[in-house]
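K.L.:
Shown below is the structure under consideration.
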Amino acid sequence: MTTTQKITLRFFGQTVLLLILYGIASVVAGTKFLAPEDGLLTVLPYQQAGALANVLLHLTALTGLIGGGLYIGGHQHLNSAMLRLASLLWSVLIVLSVLAGIFGLLGGRNLLELPTLLGVVEVVALVLVLAAAVPNLRRATVQMWALGLGLSLVGILIGLLPVGDYTQDRVLRSVSVGLQLYTGFPLMALALGYWLMHRFSDLTFAWLDHDIYIAEGLALLAGVALTFGSLQNTVEWTRTTGLGSIAVVIAPLLYLLIVVRCYTALTRRNGSRTLSAHWFTLSLVLFFLAFGLLGAVKFAPAIQPYAIGTRLTDLHITLAQLAAVVMGLGLVNQATAELRGQNWRITGLTPFWLVSAGALGGGLALGAAGVVQVYLERLLMVGYLDTQNLLTPLYSGWVLGLLVFLLGVVLYALGFWSGKPEKT
């Protein structure tokens with residue numbers, strides 16, 4: 001096994017481990033809504049547990065997308081020295097981020113919780129990964145993956161810029177999140193998805209290599225539209241030009257077109273038995289729910305002022321990142337099977353259905369909580385604490401979904417680690 005393949009496997013292993021930690025942190029944070037004084041690990045306040053869960057999900061998505069990008073690019077021409085340094089920095093970043101979350105050192109900016117120093121480490125590691133992948137940019141899938149990684153990198157850099165006032169902070173945070181969550185992650189995930197199509201469908205390489213540019217272009221336009229939508233109540237010109245209103249119409253249509261294009265591969269399956277098509281399908285569903293449905297609802301001009309800061313915002317952000325994570329899990333499954341020389345279900349169907357049920361079922365409960373919260377707290381002006389008490393049954397369904405999700409991830413991890421090829 002080459003050095004690059006060993007490094008790629010390390011990224012895969014870190015993805016699975018981070019996802020388990022995210023599941024634990026999410027359950028801890030979720031129990032705070034059921035019994036604030038008696039929740040799990042009462043020494044860890046909700047703000048700490050929530051921030052740690054956000055950081056872990058962000059790192060899980062990026063780690064899986066990085067490992068997947070390295071694998072689809074092949075190992076013949078990659079710069080091993082750069083990758084070794086990038087892998088070392090990434091491992092350091094993961095350890096320090098977890099410690100920062102446990103000791104309450106994460107920032108208070110939603111989705112930009114990493115301290116500046118750790119943000120710099122993240123940027124340097126991503127630059128090294130991107131530079132190491134340059135020799136393989138002749139491939140369409142790697143080109144699109146690199147574009148997504150580059151946009152995410154720019155988004156992270158913008159998030160590190162100092163801010164002078166609240167409005168400036170809102171604008172920079174919206175642009176930073178937009179470049180990462182709405183454009184970078186979907187572009188990278190779709191690149192991995194189109195590579196997986198080579199494995200589970202009988203569509204020709206020429207068709208897929210041509211179609212990927214269309215799908216990625218649609219995702220890029222949707223990301224720009226959603227970013228404008230997030231700015232509509234912050235920047236004056238987005239209100240006067242009506243771009244925010246246009247965005248909430250365009251984004252669902254664009255993601256529907258992406259799903260339609262990808263559906264072609266699902267109808268022309270080959271003899272692959274690695275479950276990559278299953279994870280690919282789940283990822284598309286989550287992307288459409290996050291950007292096609294929730295994005296349109298959350299950024300609708302009449303709804304956005306009421307939805308900001310509610311559980312609808314939490315669900316939107318979570319599903320968007322989970323969609324990228326799930327695509328990474330599909331590639332981990334496929335890559336592990338190939339490295340073992342097997343055409344088989346490495347992680348099995350049980351983890352897939354548990355993760356699906358946990359993500360979708362828990363998401364449905366959290367979404368219902370968000371709708372009720374908007375109605376009671378923002379429209380009827382019921383007090384925050386009274387509203388939270390009324391939402392306890394829905395929060396119970398959410399936490400149950402998180403537990404099912406965590407069980408599925410643990411079973412996936414056991415299958416991955418037991419089926420992982422030896423680093424010889």
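Letters A, B, ... mark the chains of the structure tokens in the order given; residue numbers begin at 1 per chain; ligand numbers begin at 1, in order shown.
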Pick out the residues sitting within 10 Å of His198 in chain A, and hand them over as number ranges by chain; count only C-alpha atoms, and ignore anything fewer than 5 positions along from it in its own chain.
P.N.:
A: 193, 203-205, 208-209, 265, 270
K.L.:
Would you kindly return, as a PyMOL selection string, each protein, DNA or RNA residue with an atom no farther than 7 Å from any atom of Leu286 in chain A, considering only C-alpha atoms and excluding same-chain residues fewer than 2 positions away?
P.N.:
chain A and resi 282-284+288-290+319-320+323
K.L.:
Kindly export the residues of the current selection with N, CA, C and O atoms, as a PDB file, in the first residue's frame.
P.N.:
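Saved result, result.pdb, follows:
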```pdb
ATOM      1  N   LEU A 282     -29.108   8.734  -0.251  1.00  0.00           N
ATOM      2  CA  LEU A 282     -29.413   9.423   1.007  1.00  0.00           C
ATOM      3  C   LEU A 282     -28.811  10.825   1.016  1.00  0.00           C
ATOM      4  O   LEU A 282     -29.452  11.781   1.482  1.00  0.00           O
ATOM      5  N   SER A 283     -27.604  10.960   0.499  1.00  0.00           N
ATOM      6  CA  SER A 283     -26.973  12.274   0.436  1.00  0.00           C
ATOM      7  C   SER A 283     -27.786  13.233  -0.426  1.00  0.00           C
ATOM      8  O   SER A 283     -28.001  14.394  -0.047  1.00  0.00           O
ATOM      9  N   LEU A 284     -28.250  12.760  -1.576  1.00  0.00           N
ATOM     10  CA  LEU A 284     -29.068  13.618  -2.445  1.00  0.00           C
ATOM     11  C   LEU A 284     -30.349  14.044  -1.733  1.00  0.00           C
ATOM     12  O   LEU A 284     -30.782  15.201  -1.842  1.00  0.00           O
ATOM     13  N   PHE A 288     -31.349  17.916  -0.878  1.00  0.00           N
ATOM     14  CA  PHE A 288     -32.590  18.534  -1.357  1.00  0.00           C
ATOM     15  C   PHE A 288     -33.423  19.061  -0.193  1.00  0.00           C
ATOM     16  O   PHE A 288     -34.008  20.145  -0.279  1.00  0.00           O
ATOM     17  N   LEU A 289     -33.489  18.309   0.891  1.00  0.00           N
ATOM     18  CA  LEU A 289     -34.235  18.778   2.061  1.00  0.00           C
ATOM     19  C   LEU A 289     -33.619  20.048   2.640  1.00  0.00           C
ATOM     20  O   LEU A 289     -34.327  20.988   3.011  1.00  0.00           O
ATOM     21  N   ALA A 290     -32.277  20.062   2.717  1.00  0.00           N
ATOM     22  CA  ALA A 290     -31.591  21.202   3.329  1.00  0.00           C
ATOM     23  C   ALA A 290     -31.671  22.448   2.464  1.00  0.00           C
ATOM     24  O   ALA A 290     -31.961  23.551   2.958  1.00  0.00           O
ATOM     25  N   LEU A 319     -28.639  19.339   8.450  1.00  0.00           N
ATOM     26  CA  LEU A 319     -28.900  18.491   7.287  1.00  0.00           C
ATOM     27  C   LEU A 319     -27.931  18.787   6.145  1.00  0.00           C
ATOM     28  O   LEU A 319     -27.495  17.866   5.438  1.00  0.00           O
ATOM     29  N   ALA A 320     -27.584  20.069   5.964  1.00  0.00           N
ATOM     30  CA  ALA A 320     -26.654  20.427   4.892  1.00  0.00           C
ATOM     31  C   ALA A 320     -25.303  19.760   5.089  1.00  0.00           C
ATOM     32  O   ALA A 320     -24.704  19.231   4.141  1.00  0.00           O
ATOM     33  N   ALA A 323     -25.473  15.875   4.766  1.00  0.00           N
ATOM     34  CA  ALA A 323     -25.514  15.436   3.367  1.00  0.00           C
ATOM     35  C   ALA A 323     -24.110  15.214   2.839  1.00  0.00           C
ATOM     36  O   ALA A 323     -23.836  14.221   2.150  1.00  0.00           O
TER      37      ALA A 323
END
```
K.L.:
Enumerate, in order of chain and increasing residue number, the residues of range 62-151 of chain A with an atom no farther than 10 Å from range 330-346 of chain A, each with its shortest atom pair and distance in Å to one decimal, counting only C-alpha atoms, as a tab-separated table.
P.N.:
```
residue	atom	partner	partner_atom	distance
A:Gly64	CA	A:Val332	CA	8.0
A:Leu65	CA	A:Leu331	CA	9.1
A:Gly67	CA	A:Val332	CA	8.4
A:Gly68	CA	A:Leu331	CA	6.2
A:Gly69	CA	A:Leu331	CA	9.5
A:Tyr71	CA	A:Ala335	CA	7.6
A:Ile72	CA	A:Ala335	CA	9.0
```
K.L.:
Just all heavy atoms for this one: save the residues we selected as a short mmCIF file (atom, residue, chain, number, x, y, z; two decimals), in the first residue's frame.
P.N.:
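See out-v7.cif below for the written result:
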```
data_model
loop_
_atom_site.label_atom_id
_atom_site.label_comp_id
_atom_site.auth_asym_id
_atom_site.auth_seq_id
_atom_site.Cartn_x
_atom_site.Cartn_y
_atom_site.Cartn_z
N GLY A 64 -14.08 13.78 5.69
CA GLY A 64 -14.56 12.81 4.72
C GLY A 64 -14.41 13.28 3.29
O GLY A 64 -14.03 12.51 2.40
N LEU A 65 -14.67 14.56 3.06
CA LEU A 65 -14.54 15.11 1.71
C LEU A 65 -13.07 15.17 1.27
O LEU A 65 -12.76 14.93 0.10
CB LEU A 65 -15.15 16.52 1.66
CG LEU A 65 -16.68 16.57 1.85
CD1 LEU A 65 -17.15 18.01 1.98
CD2 LEU A 65 -17.40 15.88 0.69
N GLY A 67 -10.59 13.12 2.41
CA GLY A 67 -10.18 11.74 2.15
C GLY A 67 -10.75 11.21 0.85
O GLY A 67 -10.05 10.55 0.07
N GLY A 68 -12.02 11.52 0.59
CA GLY A 68 -12.63 11.08 -0.65
C GLY A 68 -11.97 11.70 -1.86
O GLY A 68 -11.73 11.02 -2.88
N GLY A 69 -11.65 12.99 -1.79
CA GLY A 69 -10.99 13.66 -2.91
C GLY A 69 -9.62 13.09 -3.20
O GLY A 69 -9.23 12.93 -4.36
N TYR A 71 -8.73 10.04 -2.60
CA TYR A 71 -8.88 8.70 -3.17
C TYR A 71 -9.27 8.74 -4.63
O TYR A 71 -8.72 8.00 -5.45
CB TYR A 71 -9.93 7.91 -2.37
CG TYR A 71 -10.02 6.47 -2.81
CD1 TYR A 71 -9.10 5.53 -2.35
CD2 TYR A 71 -11.01 6.05 -3.70
CE1 TYR A 71 -9.17 4.21 -2.77
CE2 TYR A 71 -11.08 4.74 -4.12
CZ TYR A 71 -10.15 3.82 -3.65
OH TYR A 71 -10.21 2.52 -4.08
N ILE A 72 -10.23 9.60 -4.99
CA ILE A 72 -10.67 9.63 -6.39
C ILE A 72 -9.59 10.21 -7.30
O ILE A 72 -9.60 9.96 -8.51
CB ILE A 72 -11.98 10.43 -6.56
CG1 ILE A 72 -11.76 11.92 -6.31
CG2 ILE A 72 -13.07 9.87 -5.68
CD1 ILE A 72 -12.98 12.78 -6.59
#
```
K.L.:
Near Val27 in chain A, counting only C-alpha atoms, which residues have an atom at most 8 Å away, once you skip same-chain residues fewer than 5 positions from it, shown as a compact mmCIF listing (two decimals) with all heavy atoms, in the first residue's frame?
P.N.:
```txt
# COMPACT_ATOMS: atom_id res chain seq x y z
N VAL A 399 -34.13 13.65 20.19
CA VAL A 399 -33.06 12.94 20.90
C VAL A 399 -33.10 11.45 20.57
O VAL A 399 -32.06 10.81 20.40
CB VAL A 399 -33.17 13.17 22.42
CG1 VAL A 399 -32.18 12.29 23.17
CG2 VAL A 399 -32.92 14.63 22.76
N LEU A 402 -31.41 11.06 17.40
CA LEU A 402 -29.95 11.16 17.57
C LEU A 402 -29.36 9.85 18.09
O LEU A 402 -28.27 9.44 17.67
CB LEU A 402 -29.62 12.31 18.53
CG LEU A 402 -29.88 13.73 18.03
CD1 LEU A 402 -29.63 14.74 19.16
CD2 LEU A 402 -28.99 14.05 16.84
N LEU A 403 -30.07 9.20 19.00
CA LEU A 403 -29.59 7.93 19.54
C LEU A 403 -29.57 6.85 18.47
O LEU A 403 -28.63 6.05 18.39
CB LEU A 403 -30.46 7.50 20.72
CG LEU A 403 -30.30 8.33 22.01
CD1 LEU A 403 -31.39 7.95 23.01
CD2 LEU A 403 -28.92 8.11 22.62
```
K.L.:
Give me, as a short mmCIF file (atom, residue, chain, number, x, y, z; two decimals) with N, CA, C and O atoms, in the first residue's frame, all polymer residues having an atom no more than 10 Å from Ala300 in chain A, counting only C-alpha atoms and skipping those fewer than 3 positions away in the same chain.
P.N.:
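Listing of out_35.cif after writing:
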```
data_model
loop_
_atom_site.label_atom_id
_atom_site.label_comp_id
_atom_site.auth_asym_id
_atom_site.auth_seq_id
_atom_site.Cartn_x
_atom_site.Cartn_y
_atom_site.Cartn_z
N GLY A 229 -29.74 34.95 -0.33
CA GLY A 229 -30.90 34.85 0.54
C GLY A 229 -30.55 35.10 1.99
O GLY A 229 -31.31 35.73 2.73
N SER A 230 -29.37 34.63 2.42
CA SER A 230 -28.95 34.84 3.81
C SER A 230 -28.59 36.30 4.09
O SER A 230 -28.55 36.72 5.24
N GLN A 232 -30.28 38.97 2.73
CA GLN A 232 -31.34 39.89 2.32
C GLN A 232 -31.80 40.83 3.43
O GLN A 232 -32.27 41.94 3.14
N GLY A 244 -33.05 38.36 -2.75
CA GLY A 244 -33.41 37.40 -1.73
C GLY A 244 -34.64 36.61 -2.10
O GLY A 244 -34.71 35.39 -1.92
N SER A 245 -35.65 37.30 -2.66
CA SER A 245 -36.88 36.62 -3.07
C SER A 245 -36.64 35.67 -4.24
O SER A 245 -37.19 34.56 -4.29
N ILE A 246 -35.80 36.11 -5.17
CA ILE A 246 -35.48 35.26 -6.32
C ILE A 246 -34.75 34.00 -5.87
O ILE A 246 -34.98 32.91 -6.38
N ALA A 247 -33.87 34.16 -4.86
CA ALA A 247 -33.04 33.04 -4.41
C ALA A 247 -33.89 31.88 -3.90
O ALA A 247 -33.59 30.71 -4.16
N VAL A 248 -34.95 32.21 -3.17
CA VAL A 248 -35.74 31.13 -2.57
C VAL A 248 -36.55 30.36 -3.60
O VAL A 248 -37.08 29.29 -3.31
N VAL A 249 -36.68 30.91 -4.78
CA VAL A 249 -37.35 30.20 -5.87
C VAL A 249 -36.35 29.40 -6.70
O VAL A 249 -36.59 28.26 -7.10
N LEU A 294 -35.86 23.39 3.00
CA LEU A 294 -35.62 24.24 4.16
C LEU A 294 -34.98 25.56 3.78
O LEU A 294 -35.28 26.60 4.37
N GLY A 295 -34.07 25.52 2.79
CA GLY A 295 -33.44 26.77 2.36
C GLY A 295 -34.47 27.75 1.84
O GLY A 295 -34.42 28.95 2.15
N ALA A 296 -35.43 27.26 1.05
CA ALA A 296 -36.47 28.13 0.51
C ALA A 296 -37.35 28.68 1.62
O ALA A 296 -37.70 29.87 1.63
N VAL A 297 -37.70 27.83 2.59
CA VAL A 297 -38.55 28.28 3.69
C VAL A 297 -37.81 29.27 4.58
O VAL A 297 -38.32 30.34 4.92
N ILE A 303 -40.63 35.00 6.01
CA ILE A 303 -40.40 34.02 7.09
C ILE A 303 -39.07 34.24 7.78
O ILE A 303 -38.94 34.02 8.99
N GLN A 304 -38.05 34.68 7.04
CA GLN A 304 -36.70 34.74 7.59
C GLN A 304 -36.59 35.48 8.92
O GLN A 304 -35.93 34.98 9.84
N PRO A 305 -37.23 36.66 9.09
CA PRO A 305 -37.08 37.34 10.39
C PRO A 305 -37.58 36.53 11.57
O PRO A 305 -37.09 36.68 12.69
N ALA A 307 -37.71 33.02 11.53
CA ALA A 307 -37.06 31.70 11.60
C ALA A 307 -35.64 31.78 12.12
O ALA A 307 -35.11 30.78 12.61
#
```
K.L.:
For a quick check of understanding, using only C-alpha atoms, which of A:Arg269, A:Leu21, A:Gly107, A:Gly164 has the smallest distance to Ile94 in chain A?
P.N.:
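Ranking A:Arg269, A:Leu21, A:Gly107, A:Gly164 by distance to Ile94 in chain A, first place goes to A:Leu21.
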K.L.:
Give me, as a ChimeraX atom specification, the residues of range 182-287 of chain A that a backbone DSSP run labels helix (DSSP H, G or I).
P.N.:
/A:182-200,205-231,236-240,243-267,276-287
K.L.:
From the list A:Leu19, A:Ile214, A:Leu111, A:Leu293, which residue is nearest Val260 in chain A when using only C-alpha atoms?
P.N.:
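Under the stated criterion, the closest residue is A:Ile214.
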K.L.:
Could you check how far CA of Gly217 in chain A sits from CA of Trp195 in chain A, in Å to one decimal?
P.N.:
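CA of Gly217 in chain A sits 16.5 Å away from CA of Trp195 in chain A.
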